[in-house]
Amino acid sequence: MYFQELNNDQRREVVNSQQRFQAFRDAKEAYAAHRGSLTWVVSKGREYLVRSYYDKAGLRRQASLGARSPETEKMKADFEAKRAAAEDRLKNLRDTMERQAAVNRALGLGRVPLIGARIMRALDGFGMLGSGIRILGTNAIYGYEASSGVRLDPGLATTEDIDLLYDARGGLTFVADDDVSESSLLKVLKRVDTSFERAKQTFRAVNRDGYLVDLIKPVQYPPWKKTPDKIGSDPEDLTAVQIEGTRLAAECSRIRGGRDRRKG
């Protein structure tokens, strides 16, 4: 047998995990909506309420919301109250997910290797996963396991690398924060493990343990039609290499991503 069906306890906790993780993601989005800060800035002898934030391109922006007045004071107070509530909810749900993770480990549901899982979570946190970046290769098997309610032979997914399919047509939107101020895949990987460096092959990053991250993309068609091969503008970032046989995967995942967005 190459696979084993989940038992009733495992199936129940898979459902619990999915529901709680969705609540966790919703809480992260609510908190992200209140990123940045509202501060008073003095200009020409008057105080103005200024919003500081990073835009989708990772550039720091400032926008004036008006001179100090009862309205802008209330705006600042409401923003800070909502941000505190969102932060508290996110903390509580993070604690819930940690408890759920312990249950999953006890039931043998913790299948994805830690380093691979951390990379996927980081990509998802910066808005890359499913929006121009997809997981290919043996690590994708874990997704099929979760969808099918089975566990496959571990030997089928034993690997020390992860393949990231970059499809520039996917409409990738990088969600920057105060620590990563520009769209850079390598900087995201360094968030996971500071030892990640770009290898001699510029499509690859490697950490001190020899774990490899490859950025690949479909072969250009038609050949003269140029497509981006970097996530952002950082010259030291990974450069995607064209791989035969990935175009169908990119097209299928792009269509699936569009369906998921319409459902949302």
# chains A, B, ... in the order shown; residues from 1 in each chain; ligands from 1
>>> residues_around(residues="A:Arg94", least_positions_apart="4", cutoff="7 Å", atoms="only C-alpha atoms", output="ChimeraX atom specification")
/A:24,90,98
>>> write_last_selection(atoms="N, CA and C atoms", output="JSON list (two decimals), in the first residue's frame")
[["chain", "number", "residue", "atom", "x", "y", "z"],
["A", 24, "PHE", "N", -7.67, 32.15, 11.82],
["A", 24, "PHE", "CA", -6.38, 32.78, 12.06],
["A", 24, "PHE", "C", -5.98, 33.69, 10.90],
["A", 90, "LEU", "N", -5.70, 38.26, 17.18],
["A", 90, "LEU", "CA", -4.65, 37.51, 16.49],
["A", 90, "LEU", "C", -3.82, 36.71, 17.49],
["A", 98, "GLU", "N", -1.32, 26.97, 18.08],
["A", 98, "GLU", "CA", -0.22, 26.23, 18.72],
["A", 98, "GLU", "C", -0.75, 25.01, 19.45]]
>>> residues_around(residues="stretch 30-35 of chain A", least_positions_apart="5", cutoff="7 Å", atoms="only C-alpha atoms", output="tab-separated table (two decimals) with N, CA and C atoms, in the first residue's frame")
chain	number	residue	atom	x	y	z
A	53	TYR	N	2.66	54.22	6.34
A	53	TYR	CA	2.41	52.82	5.98
A	53	TYR	C	3.27	52.44	4.79
A	83	ARG	N	-7.06	48.58	16.21
A	83	ARG	CA	-5.79	47.89	16.04
A	83	ARG	C	-5.49	47.02	17.27
A	86	ALA	N	-7.72	43.96	17.13
A	86	ALA	CA	-7.25	43.02	16.11
A	86	ALA	C	-6.00	42.29	16.58
A	87	GLU	N	-5.12	43.00	17.25
A	87	GLU	CA	-3.90	42.39	17.77
A	87	GLU	C	-4.21	41.35	18.83
>>> closest_residue(among="A:Thr138, A:Thr96, A:Ser52, A:Ser148", to="A:Glu160", atoms="only C-alpha atoms")
A:Thr138
>>> select_by_dssp(residues="stretch 7-205 of chain A", states="strand (DSSP E)", output="VMD selection string")
chain A and resid 37 to 43 46 to 54 60 to 67 133 to 136 150 to 152 161 to 166 197 to 198 204 to 205
>>> closest_residue(among="A:Ser64, A:Leu49, A:Arg151, A:Tyr166", to="A:Ile133", atoms="only C-alpha atoms")
A:Tyr166
>>> closest_residue(among="A:Gln10, A:Phe3, A:Leu38, A:Phe21", to="A:Asp153", atoms="only C-alpha atoms")
A:Phe3
>>> atom_distance(atom1="atom CA of A:Arg61", atom2="atom CA of A:Gly232")
18.0 Å
>>> select_by_dssp(residues="stretch 28-246 of chain A", states="alpha helix (DSSP H)", output="MDAnalysis selection string")
chainID A and resid 28:32 70:106 114:125 141:148 185:192
>>> residues_around(residues="stretch 202-212 of chain A", least_positions_apart="3", cutoff="10 Å", atoms="only C-alpha atoms", output="ChimeraX atom specification")
/A:115-116,159-163,185-186,189-190,193-199,215-216,229-230,236-242
>>> write_last_selection(atoms="N, CA and C atoms", output="PDB file, in the first residue's frame")
ATOM      1  N   ILE A 115      11.124  23.071   7.917  1.00  0.00           N
ATOM      2  CA  ILE A 115      11.696  24.156   7.131  1.00  0.00           C
ATOM      3  C   ILE A 115      10.796  24.487   5.944  1.00  0.00           C
ATOM      4  N   GLY A 116      10.255  23.457   5.289  1.00  0.00           N
ATOM      5  CA  GLY A 116       9.350  23.681   4.167  1.00  0.00           C
ATOM      6  C   GLY A 116       8.072  24.374   4.607  1.00  0.00           C
ATOM      7  N   THR A 159      12.654  14.754   0.814  1.00  0.00           N
ATOM      8  CA  THR A 159      13.431  15.683  -0.006  1.00  0.00           C
ATOM      9  C   THR A 159      14.081  16.732   0.870  1.00  0.00           C
ATOM     10  N   GLU A 160      15.132  17.339   0.368  1.00  0.00           N
ATOM     11  CA  GLU A 160      15.818  18.412   1.083  1.00  0.00           C
ATOM     12  C   GLU A 160      15.787  19.696   0.266  1.00  0.00           C
ATOM     13  N   ASP A 161      14.678  19.887  -0.440  1.00  0.00           N
ATOM     14  CA  ASP A 161      14.552  21.105  -1.224  1.00  0.00           C
ATOM     15  C   ASP A 161      13.075  21.402  -1.439  1.00  0.00           C
ATOM     16  N   ILE A 162      12.811  22.601  -1.951  1.00  0.00           N
ATOM     17  CA  ILE A 162      11.452  22.988  -2.289  1.00  0.00           C
ATOM     18  C   ILE A 162      11.496  23.777  -3.594  1.00  0.00           C
ATOM     19  N   ASP A 163      10.585  23.468  -4.502  1.00  0.00           N
ATOM     20  CA  ASP A 163      10.511  24.146  -5.796  1.00  0.00           C
ATOM     21  C   ASP A 163       9.373  25.152  -5.774  1.00  0.00           C
ATOM     22  N   LEU A 185      12.251  37.916  -2.665  1.00  0.00           N
ATOM     23  CA  LEU A 185      12.065  36.551  -2.214  1.00  0.00           C
ATOM     24  C   LEU A 185      13.167  36.140  -1.247  1.00  0.00           C
ATOM     25  N   LEU A 186      14.393  36.548  -1.534  1.00  0.00           N
ATOM     26  CA  LEU A 186      15.514  36.166  -0.674  1.00  0.00           C
ATOM     27  C   LEU A 186      15.345  36.736   0.729  1.00  0.00           C
ATOM     28  N   LEU A 189      12.984  34.570   2.599  1.00  0.00           N
ATOM     29  CA  LEU A 189      13.641  33.342   3.035  1.00  0.00           C
ATOM     30  C   LEU A 189      14.538  33.595   4.244  1.00  0.00           C
ATOM     31  N   LYS A 190      15.184  34.746   4.275  1.00  0.00           N
ATOM     32  CA  LYS A 190      16.025  35.080   5.414  1.00  0.00           C
ATOM     33  C   LYS A 190      15.191  35.285   6.675  1.00  0.00           C
ATOM     34  N   ASP A 193      15.118  31.695   7.845  1.00  0.00           N
ATOM     35  CA  ASP A 193      16.434  31.227   8.282  1.00  0.00           C
ATOM     36  C   ASP A 193      17.466  32.240   7.767  1.00  0.00           C
ATOM     37  N   THR A 194      18.121  32.913   8.682  1.00  0.00           N
ATOM     38  CA  THR A 194      19.061  33.971   8.294  1.00  0.00           C
ATOM     39  C   THR A 194      20.248  33.448   7.507  1.00  0.00           C
ATOM     40  N   SER A 195      20.454  32.123   7.507  1.00  0.00           N
ATOM     41  CA  SER A 195      21.612  31.585   6.788  1.00  0.00           C
ATOM     42  C   SER A 195      21.351  31.391   5.296  1.00  0.00           C
ATOM     43  N   PHE A 196      20.130  31.620   4.840  1.00  0.00           N
ATOM     44  CA  PHE A 196      19.858  31.483   3.400  1.00  0.00           C
ATOM     45  C   PHE A 196      20.658  32.517   2.613  1.00  0.00           C
ATOM     46  N   GLU A 197      21.326  32.050   1.565  1.00  0.00           N
ATOM     47  CA  GLU A 197      22.072  32.903   0.652  1.00  0.00           C
ATOM     48  C   GLU A 197      21.811  32.445  -0.771  1.00  0.00           C
ATOM     49  N   ARG A 198      21.954  33.380  -1.715  1.00  0.00           N
ATOM     50  CA  ARG A 198      21.827  32.988  -3.114  1.00  0.00           C
ATOM     51  C   ARG A 198      23.045  32.182  -3.525  1.00  0.00           C
ATOM     52  N   ALA A 199      22.814  31.078  -4.204  1.00  0.00           N
ATOM     53  CA  ALA A 199      23.900  30.208  -4.646  1.00  0.00           C
ATOM     54  C   ALA A 199      24.505  30.738  -5.943  1.00  0.00           C
ATOM     55  N   LEU A 215      13.754  28.678  -7.569  1.00  0.00           N
ATOM     56  CA  LEU A 215      12.709  29.485  -8.191  1.00  0.00           C
ATOM     57  C   LEU A 215      12.684  29.162  -9.679  1.00  0.00           C
ATOM     58  N   ILE A 216      11.581  28.607 -10.133  1.00  0.00           N
ATOM     59  CA  ILE A 216      11.475  28.186 -11.523  1.00  0.00           C
ATOM     60  C   ILE A 216      10.259  28.866 -12.163  1.00  0.00           C
ATOM     61  N   ASP A 229      11.411  37.699 -14.405  1.00  0.00           N
ATOM     62  CA  ASP A 229      12.039  36.529 -13.801  1.00  0.00           C
ATOM     63  C   ASP A 229      12.472  36.800 -12.364  1.00  0.00           C
ATOM     64  N   LYS A 230      12.080  37.967 -11.824  1.00  0.00           N
ATOM     65  CA  LYS A 230      12.354  38.305 -10.430  1.00  0.00           C
ATOM     66  C   LYS A 230      11.067  38.751  -9.760  1.00  0.00           C
ATOM     67  N   GLU A 236      20.047  41.429  -6.224  1.00  0.00           N
ATOM     68  CA  GLU A 236      20.606  40.275  -5.538  1.00  0.00           C
ATOM     69  C   GLU A 236      19.558  39.206  -5.249  1.00  0.00           C
ATOM     70  N   ASP A 237      18.324  39.426  -5.712  1.00  0.00           N
ATOM     71  CA  ASP A 237      17.267  38.452  -5.458  1.00  0.00           C
ATOM     72  C   ASP A 237      17.406  37.262  -6.405  1.00  0.00           C
ATOM     73  N   LEU A 238      16.649  36.195  -6.130  1.00  0.00           N
ATOM     74  CA  LEU A 238      16.680  35.012  -6.984  1.00  0.00           C
ATOM     75  C   LEU A 238      16.096  35.336  -8.349  1.00  0.00           C
ATOM     76  N   THR A 239      16.671  34.709  -9.383  1.00  0.00           N
ATOM     77  CA  THR A 239      16.213  34.878 -10.752  1.00  0.00           C
ATOM     78  C   THR A 239      15.640  33.551 -11.235  1.00  0.00           C
ATOM     79  N   ALA A 240      14.377  33.527 -11.605  1.00  0.00           N
ATOM     80  CA  ALA A 240      13.719  32.282 -11.995  1.00  0.00           C
ATOM     81  C   ALA A 240      14.357  31.696 -13.250  1.00  0.00           C
ATOM     82  N   VAL A 241      14.488  30.362 -13.255  1.00  0.00           N
ATOM     83  CA  VAL A 241      15.022  29.653 -14.403  1.00  0.00           C
ATOM     84  C   VAL A 241      13.868  28.951 -15.118  1.00  0.00           C
ATOM     85  N   GLN A 242      13.915  28.956 -16.451  1.00  0.00           N
ATOM     86  CA  GLN A 242      12.851  28.322 -17.219  1.00  0.00           C
ATOM     87  C   GLN A 242      13.007  26.796 -17.180  1.00  0.00           C
TER      88      GLN A 242
END
>>> residues_around(residues="A:Glu13", least_positions_apart="5", cutoff="12 Å", atoms="only C-alpha atoms", output="MDAnalysis selection string")
chainID A and resid 6:8 18:21 97 99:110 146 149
>>> closest_residue(among="A:Glu29, A:Ser184, A:Asp167, A:Arg89", to="A:Thr227", atoms="only C-alpha atoms")
A:Asp167
>>> atom_distance(atom1="atom CA of A:Asp26", atom2="atom CA of A:Leu93")
10.1 Å
>>> decode(residues="stretch 99-110 of chain A", atoms="all heavy atoms", output="PDB file, in the first residue's frame")
ATOM      1  N   ARG A  99      -1.896  25.144  20.104  1.00  0.00           N
ATOM      2  CA  ARG A  99      -2.505  23.974  20.762  1.00  0.00           C
ATOM      3  C   ARG A  99      -2.967  22.957  19.725  1.00  0.00           C
ATOM      4  O   ARG A  99      -2.811  21.746  19.920  1.00  0.00           O
ATOM      5  CB  ARG A  99      -3.675  24.427  21.636  1.00  0.00           C
ATOM      6  CG  ARG A  99      -3.266  25.245  22.855  1.00  0.00           C
ATOM      7  CD  ARG A  99      -4.417  25.382  23.831  1.00  0.00           C
ATOM      8  NE  ARG A  99      -5.533  26.123  23.262  1.00  0.00           N
ATOM      9  CZ  ARG A  99      -5.659  27.433  23.343  1.00  0.00           C
ATOM     10  NH1 ARG A  99      -4.741  28.166  23.959  1.00  0.00           N
ATOM     11  NH2 ARG A  99      -6.714  28.041  22.801  1.00  0.00           N
ATOM     12  N   GLN A 100      -3.524  23.456  18.615  1.00  0.00           N
ATOM     13  CA  GLN A 100      -3.970  22.548  17.561  1.00  0.00           C
ATOM     14  C   GLN A 100      -2.785  21.803  16.956  1.00  0.00           C
ATOM     15  O   GLN A 100      -2.883  20.615  16.625  1.00  0.00           O
ATOM     16  CB  GLN A 100      -4.701  23.334  16.475  1.00  0.00           C
ATOM     17  CG  GLN A 100      -5.291  22.472  15.368  1.00  0.00           C
ATOM     18  CD  GLN A 100      -6.404  21.579  15.870  1.00  0.00           C
ATOM     19  OE1 GLN A 100      -7.322  22.042  16.533  1.00  0.00           O
ATOM     20  NE2 GLN A 100      -6.337  20.295  15.551  1.00  0.00           N
ATOM     21  N   ALA A 101      -1.658  22.490  16.822  1.00  0.00           N
ATOM     22  CA  ALA A 101      -0.467  21.843  16.270  1.00  0.00           C
ATOM     23  C   ALA A 101      -0.022  20.689  17.156  1.00  0.00           C
ATOM     24  O   ALA A 101       0.414  19.642  16.654  1.00  0.00           O
ATOM     25  CB  ALA A 101       0.655  22.866  16.119  1.00  0.00           C
ATOM     26  N   ALA A 102      -0.120  20.864  18.471  1.00  0.00           N
ATOM     27  CA  ALA A 102       0.266  19.786  19.392  1.00  0.00           C
ATOM     28  C   ALA A 102      -0.646  18.584  19.216  1.00  0.00           C
ATOM     29  O   ALA A 102      -0.194  17.424  19.236  1.00  0.00           O
ATOM     30  CB  ALA A 102       0.223  20.296  20.829  1.00  0.00           C
ATOM     31  N   VAL A 103      -1.940  18.830  19.054  1.00  0.00           N
ATOM     32  CA  VAL A 103      -2.896  17.740  18.822  1.00  0.00           C
ATOM     33  C   VAL A 103      -2.567  17.021  17.513  1.00  0.00           C
ATOM     34  O   VAL A 103      -2.553  15.788  17.438  1.00  0.00           O
ATOM     35  CB  VAL A 103      -4.339  18.286  18.787  1.00  0.00           C
ATOM     36  CG1 VAL A 103      -5.320  17.191  18.361  1.00  0.00           C
ATOM     37  CG2 VAL A 103      -4.734  18.835  20.152  1.00  0.00           C
ATOM     38  N   ASN A 104      -2.271  17.797  16.480  1.00  0.00           N
ATOM     39  CA  ASN A 104      -1.972  17.205  15.175  1.00  0.00           C
ATOM     40  C   ASN A 104      -0.721  16.336  15.226  1.00  0.00           C
ATOM     41  O   ASN A 104      -0.659  15.267  14.601  1.00  0.00           O
ATOM     42  CB  ASN A 104      -1.803  18.307  14.130  1.00  0.00           C
ATOM     43  CG  ASN A 104      -3.115  19.006  13.808  1.00  0.00           C
ATOM     44  OD1 ASN A 104      -4.177  18.561  14.238  1.00  0.00           O
ATOM     45  ND2 ASN A 104      -3.047  20.089  13.061  1.00  0.00           N
ATOM     46  N   ARG A 105       0.290  16.804  15.966  1.00  0.00           N
ATOM     47  CA  ARG A 105       1.507  15.991  16.092  1.00  0.00           C
ATOM     48  C   ARG A 105       1.212  14.672  16.784  1.00  0.00           C
ATOM     49  O   ARG A 105       1.716  13.611  16.379  1.00  0.00           O
ATOM     50  CB  ARG A 105       2.579  16.768  16.855  1.00  0.00           C
ATOM     51  CG  ARG A 105       3.244  17.872  16.057  1.00  0.00           C
ATOM     52  CD  ARG A 105       4.501  18.379  16.742  1.00  0.00           C
ATOM     53  NE  ARG A 105       4.203  18.975  18.038  1.00  0.00           N
ATOM     54  CZ  ARG A 105       3.922  20.272  18.214  1.00  0.00           C
ATOM     55  NH1 ARG A 105       3.890  21.084  17.173  1.00  0.00           N
ATOM     56  NH2 ARG A 105       3.674  20.738  19.424  1.00  0.00           N
ATOM     57  N   ALA A 106       0.380  14.720  17.817  1.00  0.00           N
ATOM     58  CA  ALA A 106       0.046  13.500  18.555  1.00  0.00           C
ATOM     59  C   ALA A 106      -0.703  12.501  17.679  1.00  0.00           C
ATOM     60  O   ALA A 106      -0.571  11.286  17.861  1.00  0.00           O
ATOM     61  CB  ALA A 106      -0.790  13.852  19.783  1.00  0.00           C
ATOM     62  N   LEU A 107      -1.463  13.005  16.717  1.00  0.00           N
ATOM     63  CA  LEU A 107      -2.244  12.136  15.837  1.00  0.00           C
ATOM     64  C   LEU A 107      -1.507  11.798  14.538  1.00  0.00           C
ATOM     65  O   LEU A 107      -2.073  11.147  13.666  1.00  0.00           O
ATOM     66  CB  LEU A 107      -3.582  12.795  15.498  1.00  0.00           C
ATOM     67  CG  LEU A 107      -4.580  12.923  16.654  1.00  0.00           C
ATOM     68  CD1 LEU A 107      -5.807  13.709  16.218  1.00  0.00           C
ATOM     69  CD2 LEU A 107      -4.993  11.546  17.166  1.00  0.00           C
ATOM     70  N   GLY A 108      -0.275  12.243  14.420  1.00  0.00           N
ATOM     71  CA  GLY A 108       0.491  11.938  13.222  1.00  0.00           C
ATOM     72  C   GLY A 108       0.091  12.750  12.011  1.00  0.00           C
ATOM     73  O   GLY A 108       0.301  12.317  10.868  1.00  0.00           O
ATOM     74  N   LEU A 109      -0.475  13.938  12.239  1.00  0.00           N
ATOM     75  CA  LEU A 109      -0.911  14.787  11.132  1.00  0.00           C
ATOM     76  C   LEU A 109       0.127  15.827  10.739  1.00  0.00           C
ATOM     77  O   LEU A 109      -0.046  16.513   9.731  1.00  0.00           O
ATOM     78  CB  LEU A 109      -2.225  15.494  11.496  1.00  0.00           C
ATOM     79  CG  LEU A 109      -3.442  14.589  11.673  1.00  0.00           C
ATOM     80  CD1 LEU A 109      -4.635  15.391  12.167  1.00  0.00           C
ATOM     81  CD2 LEU A 109      -3.779  13.876  10.366  1.00  0.00           C
ATOM     82  N   GLY A 110       1.165  15.977  11.546  1.00  0.00           N
ATOM     83  CA  GLY A 110       2.211  16.954  11.225  1.00  0.00           C
ATOM     84  C   GLY A 110       3.152  16.397  10.174  1.00  0.00           C
ATOM     85  O   GLY A 110       4.229  15.900  10.495  1.00  0.00           O
TER      86      GLY A 110
END
